[in-house]
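Peer 1: Got a structure for you, written out below as structure tokens; questions coming shortly.
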Amino acid sequence: MTKVLLIGGGGFIGSRLALRCLAEGFSVRVADVQLPVADQVASRDIEYMAGDFSETSDLDGMLKGVDIVVHLVHRAMLLGLDSSMLPEIERNVVPAIKLFDRCLEYPGLRLLFVSSGGTVYGDPDERRPLAEHAALRPISVYGTSKSMIEKALGLYVAQRGLRALVVRPGNAYGPGQVPFKGQGLIPTVMASALQGKPVTIYGDGTAIRDYIHVEDIAEGIVAAMTAGRNGEAYNIGTGRGVSINSLINDHIRPLVVAQGLDIDLRYVESRGVDVSYNILGTAKLTNECGFTAKTQLEDGIAETWNWILRGYSSVGQ
């Protein structure tokens with residue numbers, strides 16, 4: 001049986017991916033900095049391991065006996081203009097390159113790097129879905145470090161013979177995404193409405209994003225892992241975009257109002273690190289790997305709202 005190692009698999013995307021891999025018949029090992037508590041164990045059929053993949057001794061334990069490695073880790077997602085690139089490189093780029101080096105010591109091992117379709121492309125010259133061959137021109141520290149890791153991985157594929165590929169997911173959302181963490185607008189807007197907190201919108205709310213349900217991302221990763229070509233990059237998106245204003249006012253606000261609540265939006269100056277347009281072209285993943293996102297935005301938002309209602313209705317949580 002093929003064994004998959006999910007480095008950083010205890011997170012939002014990783015936990016869904018672990019279950020999807022199980023459903024597809026893979027053996028799954030999840031490695032993260034700490035073991036999950038009992039109610040966070042996704043399945044008893046998943047092997048959990050605590051460790052730091054930047055430490056060689058921990059990494060060797062993680063890699064032992066696996067066939068595929070999925071790199072999901074990103075420490076401290078930084079978006080502010082005052083964020084420094086040097087600690088970002090030390091925190092995320094250097095450990096990734098060390099991982100690539102170590103993977104070469106395990107013949108036959110394949111690696112999949114989870115990049116960021118929402119940030120690596122930057123602001124496109126034309127407002128149309130972005131194909132994988134588009135230039136990588138990130139405007140944030142986070143997107144820059146992701147693109148640096150991609151470029152380094154491409155070098156390892158071309159010169160060192162590493163078997164690897166890249167996926168670039170759009171803006172993930174869905175049940176299980178914790179609000180107020182600086183990432184995940186949808187759950188943050190919902191929980192803020194429940195708790196009477198204002199929501200800060202950077203810019204005028206016209207920025208367009210490709211929001212994709214976490215279950216679709218997990219399925220897209222497995223599709224690329226199974227049928228993707230060595231050295232290639234694959235977008236995982238819906239091919240459809242929605243503005244922040246439309247997302248909130250047309251999709252989230254009706255659910256909130258039905259509960260007798262409202263959303264307090266506070267518009268502030270743009271941060272200068274957020275792209276104004278991002279819709280991912282999906283033809284490559286569809287044509288080569290047979291994947292198409294299934295979850296409609298309105299259905300995914302309703303599902304997320306029900307999850308938020310159960311866990312974040314009390315002020316102060």
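We name chains A, B, ... following the order of the structure tokens; residues begin at 1 in each chain, and ligands are numbered from 1 as shown.
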Report the closest atom pair, with its distance in Å rounded to one decimal, for each residue of segment 202-249 of chain A that has an atom no farther than 7 Å from segment 270-288 of chain A; count only C-alpha atoms, sort by chain and then rising residue number, and write it as a Markdown table.
Peer 2:
```
| residue | atom | partner | partner_atom | distance |
| --- | --- | --- | --- | --- |
| A:Tyr202 | CA | A:Ser270 | CA | 4.6 |
| A:Gly203 | CA | A:Ser270 | CA | 4.1 |
| A:Ala207 | CA | A:Ser276 | CA | 4.4 |
| A:Ile208 | CA | A:Tyr277 | CA | 4.8 |
| A:Arg209 | CA | A:Asn278 | CA | 5.1 |
| A:Asp210 | CA | A:Ile279 | CA | 5.0 |
| A:Gly228 | CA | A:Glu288 | CA | 6.8 |
| A:Tyr234 | CA | A:Leu285 | CA | 5.8 |
| A:Asn235 | CA | A:Thr282 | CA | 6.0 |
| A:Ile236 | CA | A:Thr282 | CA | 6.6 |
| A:Gly237 | CA | A:Leu280 | CA | 5.5 |
| A:Thr238 | CA | A:Thr282 | CA | 6.8 |
| A:Gly239 | CA | A:Leu280 | CA | 5.2 |
| A:Arg240 | CA | A:Ile279 | CA | 6.2 |
| A:Gly241 | CA | A:Ile279 | CA | 5.6 |
```
Peer 1: Could you pull out the helix (DSSP H, G or I) residues of segment 69-286 of chain A, going by DSSP on the backbone, and write them as a VMD selection string?
Peer 2: chain A and resid 85 to 103 141 to 160 185 to 195 214 to 227 244 to 257 283 to 286
Peer 1: To one decimal place in Å, what is the distance between atom CA of His133 of chain A and atom CA of Asn171 of chain A?
Peer 2: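 Interatomic distance, atom CA of His133 of chain A to atom CA of Asn171 of chain A: 19.4 Å.
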Peer 1: Which is closer to Gly11 of chain A than all the others in A:Gly182, A:Pro36, A:Gly118, A:Gly170, using only C-alpha atoms?
Peer 2: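 Going through A:Gly182, A:Pro36, A:Gly118, A:Gly170 one by one, the smallest distance to Gly11 of chain A is for A:Pro36.
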Peer 1: Rank nothing, just name the residue among A:Ile212, A:Ile248, A:Ala258, A:Ala164 nearest to Asp299 of chain A, using only C-alpha atoms.
Peer 2: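 The closest residue to Asp299 of chain A is A:Ile212.
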Peer 1: Skip Met190 of chain A itself and residues of its chain fewer than 4 positions away, then list as a ChimeraX atom specification all residues within 7 Å of it, counting only C-alpha atoms.
Peer 2: /A:186,194,305,308
Peer 1: With distances taken over only C-alpha atoms, which residue among A:Glu24, A:Ala193, A:Asp45, A:Pro187 lies nearest Gly260 of chain A?
Peer 2: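 Closest to Gly260 of chain A of all the choices is A:Ala193.
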Peer 1: What lies within 6 Å of Val70 of chain A using only C-alpha atoms, ignoring chain neighbours under 4 positions off, as a list in words?
Peer 2: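 These residues fall inside the cut-off: Leu6, Leu111, Leu112 and Phe113 of chain A.
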Peer 1: Which residues are near Ala96 of chain A? Cut-off 9 Å, only C-alpha atoms, ignore same chain within fewer than 3 positions. Put them as a PyMOL selection string.
Peer 2: chain A and resi 53-54+71+73+92-93+99-101+149+152-153
Peer 1: Smallest atom-to-atom distance to Thr144 of chain A: which of A:Glu88, A:Ala131, A:Arg102, A:Gly300, using only C-alpha atoms?
Peer 2: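 Among A:Glu88, A:Ala131, A:Arg102, A:Gly300, it is A:Glu88 that comes nearest to Thr144 of chain A.
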Peer 1: Check the DSSP output for the backbone and give back, as an MDAnalysis selection string, the residues of segment 128-257 of chain A in strand (DSSP E).
Peer 2: chainID A and resid 163:169 171:173 199:202 208:209 211:213 233:236 242:243
Peer 1: What's around Met62 of chain A at 10 Å? Count only C-alpha atoms, leave out sequence neighbours fewer than 5 positions away in its own chain, and write the answer as an mmCIF file with all heavy atoms, in the first residue's frame.
Peer 2:
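Final output, out25.cif:
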```cif
data_model
loop_
_atom_site.group_PDB
_atom_site.id
_atom_site.type_symbol
_atom_site.label_atom_id
_atom_site.label_comp_id
_atom_site.auth_asym_id
_atom_site.auth_seq_id
_atom_site.Cartn_x
_atom_site.Cartn_y
_atom_site.Cartn_z
ATOM 1 N N LEU A 5 3.069 10.801 3.515
ATOM 2 C CA LEU A 5 3.445 11.607 4.675
ATOM 3 C C LEU A 5 2.948 13.026 4.457
ATOM 4 O O LEU A 5 3.284 13.662 3.452
ATOM 5 C CB LEU A 5 4.966 11.614 4.857
ATOM 6 C CG LEU A 5 5.537 12.661 5.823
ATOM 7 C CD1 LEU A 5 5.082 12.396 7.252
ATOM 8 C CD2 LEU A 5 7.059 12.707 5.729
ATOM 9 N N LEU A 6 2.158 13.539 5.392
ATOM 10 C CA LEU A 6 1.669 14.907 5.333
ATOM 11 C C LEU A 6 2.420 15.729 6.377
ATOM 12 O O LEU A 6 2.125 15.645 7.577
ATOM 13 C CB LEU A 6 0.162 14.969 5.597
ATOM 14 C CG LEU A 6 -0.728 14.054 4.747
ATOM 15 C CD1 LEU A 6 -2.194 14.264 5.103
ATOM 16 C CD2 LEU A 6 -0.494 14.292 3.259
ATOM 17 N N ILE A 7 3.402 16.506 5.943
ATOM 18 C CA ILE A 7 4.151 17.360 6.864
ATOM 19 C C ILE A 7 3.343 18.631 7.081
ATOM 20 O O ILE A 7 3.071 19.373 6.145
ATOM 21 C CB ILE A 7 5.548 17.691 6.307
ATOM 22 C CG1 ILE A 7 6.355 16.414 6.100
ATOM 23 C CG2 ILE A 7 6.289 18.626 7.249
ATOM 24 C CD1 ILE A 7 7.735 16.644 5.527
ATOM 25 N N ARG A 29 0.431 9.008 7.161
ATOM 26 C CA ARG A 29 1.157 9.463 8.352
ATOM 27 C C ARG A 29 1.098 10.989 8.399
ATOM 28 O O ARG A 29 1.466 11.651 7.417
ATOM 29 C CB ARG A 29 2.616 9.009 8.311
ATOM 30 C CG ARG A 29 3.484 9.582 9.457
ATOM 31 C CD ARG A 29 4.943 9.133 9.330
ATOM 32 N NE ARG A 29 5.052 7.700 9.510
ATOM 33 C CZ ARG A 29 6.076 6.964 9.067
ATOM 34 N NH1 ARG A 29 7.054 7.547 8.366
ATOM 35 N NH2 ARG A 29 6.121 5.660 9.279
ATOM 36 N N VAL A 30 0.623 11.531 9.495
ATOM 37 C CA VAL A 30 0.555 12.975 9.699
ATOM 38 C C VAL A 30 1.651 13.379 10.664
ATOM 39 O O VAL A 30 1.741 12.849 11.776
ATOM 40 C CB VAL A 30 -0.817 13.405 10.248
ATOM 41 C CG1 VAL A 30 -0.781 14.856 10.743
ATOM 42 C CG2 VAL A 30 -1.890 13.242 9.191
ATOM 43 N N ALA A 31 2.503 14.298 10.223
ATOM 44 C CA ALA A 31 3.588 14.792 11.077
ATOM 45 C C ALA A 31 3.388 16.281 11.318
ATOM 46 O O ALA A 31 3.214 17.055 10.379
ATOM 47 C CB ALA A 31 4.946 14.542 10.428
ATOM 48 N N ASP A 32 3.414 16.686 12.583
ATOM 49 C CA ASP A 32 3.262 18.090 12.939
ATOM 50 C C ASP A 32 4.043 18.339 14.223
ATOM 51 O O ASP A 32 4.589 17.406 14.818
ATOM 52 C CB ASP A 32 1.779 18.447 13.119
ATOM 53 C CG ASP A 32 1.442 19.799 12.521
ATOM 54 O OD1 ASP A 32 2.229 20.745 12.745
ATOM 55 O OD2 ASP A 32 0.404 19.918 11.842
ATOM 56 N N TYR A 48 -0.063 9.308 13.612
ATOM 57 C CA TYR A 48 0.339 10.663 13.970
ATOM 58 C C TYR A 48 1.736 10.659 14.574
ATOM 59 O O TYR A 48 2.076 9.774 15.372
ATOM 60 C CB TYR A 48 -0.644 11.287 14.966
ATOM 61 C CG TYR A 48 -1.979 11.620 14.352
ATOM 62 C CD1 TYR A 48 -3.033 10.707 14.394
ATOM 63 C CD2 TYR A 48 -2.193 12.835 13.725
ATOM 64 C CE1 TYR A 48 -4.267 11.007 13.826
ATOM 65 C CE2 TYR A 48 -3.419 13.156 13.158
ATOM 66 C CZ TYR A 48 -4.450 12.234 13.214
ATOM 67 O OH TYR A 48 -5.667 12.529 12.647
ATOM 68 N N MET A 49 2.529 11.642 14.196
ATOM 69 C CA MET A 49 3.904 11.752 14.674
ATOM 70 C C MET A 49 4.201 13.210 15.005
ATOM 71 O O MET A 49 3.900 14.108 14.208
ATOM 72 C CB MET A 49 4.870 11.236 13.606
ATOM 73 C CG MET A 49 6.345 11.365 13.960
ATOM 74 S SD MET A 49 7.409 10.693 12.640
ATOM 75 C CE MET A 49 7.024 8.944 12.742
ATOM 76 N N ALA A 50 4.787 13.453 16.168
ATOM 77 C CA ALA A 50 5.178 14.804 16.562
ATOM 78 C C ALA A 50 6.647 15.031 16.230
ATOM 79 O O ALA A 50 7.482 14.150 16.437
ATOM 80 C CB ALA A 50 4.939 15.025 18.050
ATOM 81 N N GLY A 51 6.950 16.207 15.684
ATOM 82 C CA GLY A 51 8.335 16.514 15.369
ATOM 83 C C GLY A 51 8.449 17.780 14.551
ATOM 84 O O GLY A 51 7.457 18.320 14.060
ATOM 85 N N ASP A 52 9.679 18.259 14.405
ATOM 86 C CA ASP A 52 9.983 19.456 13.635
ATOM 87 C C ASP A 52 10.732 19.035 12.381
ATOM 88 O O ASP A 52 11.855 18.524 12.459
ATOM 89 C CB ASP A 52 10.832 20.414 14.472
ATOM 90 C CG ASP A 52 11.121 21.727 13.771
ATOM 91 O OD1 ASP A 52 10.913 21.813 12.549
ATOM 92 O OD2 ASP A 52 11.563 22.666 14.458
ATOM 93 N N PHE A 53 10.129 19.225 11.214
ATOM 94 C CA PHE A 53 10.743 18.718 9.992
ATOM 95 C C PHE A 53 12.041 19.439 9.642
ATOM 96 O O PHE A 53 12.804 18.978 8.795
ATOM 97 C CB PHE A 53 9.753 18.767 8.827
ATOM 98 C CG PHE A 53 9.685 20.068 8.083
ATOM 99 C CD1 PHE A 53 10.227 20.184 6.808
ATOM 100 C CD2 PHE A 53 9.072 21.182 8.644
ATOM 101 C CE1 PHE A 53 10.158 21.376 6.105
ATOM 102 C CE2 PHE A 53 8.989 22.366 7.948
ATOM 103 C CZ PHE A 53 9.539 22.464 6.683
ATOM 104 N N THR A 56 16.904 17.347 11.346
ATOM 105 C CA THR A 56 17.209 16.168 10.536
ATOM 106 C C THR A 56 16.770 14.866 11.198
ATOM 107 O O THR A 56 16.215 13.980 10.546
ATOM 108 C CB THR A 56 18.715 16.105 10.226
ATOM 109 O OG1 THR A 56 19.098 17.291 9.521
ATOM 110 C CG2 THR A 56 19.040 14.892 9.361
ATOM 111 N N SER A 57 16.990 14.759 12.507
ATOM 112 C CA SER A 57 16.633 13.516 13.190
ATOM 113 C C SER A 57 15.123 13.297 13.170
ATOM 114 O O SER A 57 14.649 12.173 12.958
ATOM 115 C CB SER A 57 17.139 13.535 14.634
ATOM 116 O OG SER A 57 16.620 14.648 15.342
ATOM 117 N N VAL A 69 5.601 12.418 -0.137
ATOM 118 C CA VAL A 69 5.643 13.454 0.883
ATOM 119 C C VAL A 69 4.848 14.663 0.391
ATOM 120 O O VAL A 69 5.067 15.136 -0.730
ATOM 121 C CB VAL A 69 7.089 13.901 1.188
ATOM 122 C CG1 VAL A 69 7.107 15.034 2.210
ATOM 123 C CG2 VAL A 69 7.924 12.723 1.662
#
```
Peer 1: Nearest to Ala233 of chain A: which of A:Arg310, A:Arg266, A:Arg168, A:Lys294 is it, counting only C-alpha atoms?
Peer 2: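 Using only C-alpha atoms, the shortest distance to Ala233 of chain A belongs to A:Arg168.
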Peer 1: Which residue out of A:Gly65, A:Gly176, A:Gly290, A:Pro129 has the minimum interatomic distance to Glu219 of chain A when only C-alpha atoms are used?
Peer 2: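 Once distances to Glu219 of chain A are computed over only C-alpha atoms, the minimum belongs to A:Gly290.
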Peer 1: Write out as a count of residues only each polymer residue whose atoms come within 9 Å of Leu109 of chain A, counting only C-alpha atoms; drop sequence neighbours fewer than 4 positions from it.
Peer 2: 10
Peer 1: I'd like the interatomic distance between atom CA of Val178 of chain A and atom CA of Ala191 of chain A, to a tenth of an Å.
Peer 2: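 Atom CA of Ala191 of chain A lies at a distance of 9.4 Å from atom CA of Val178 of chain A.
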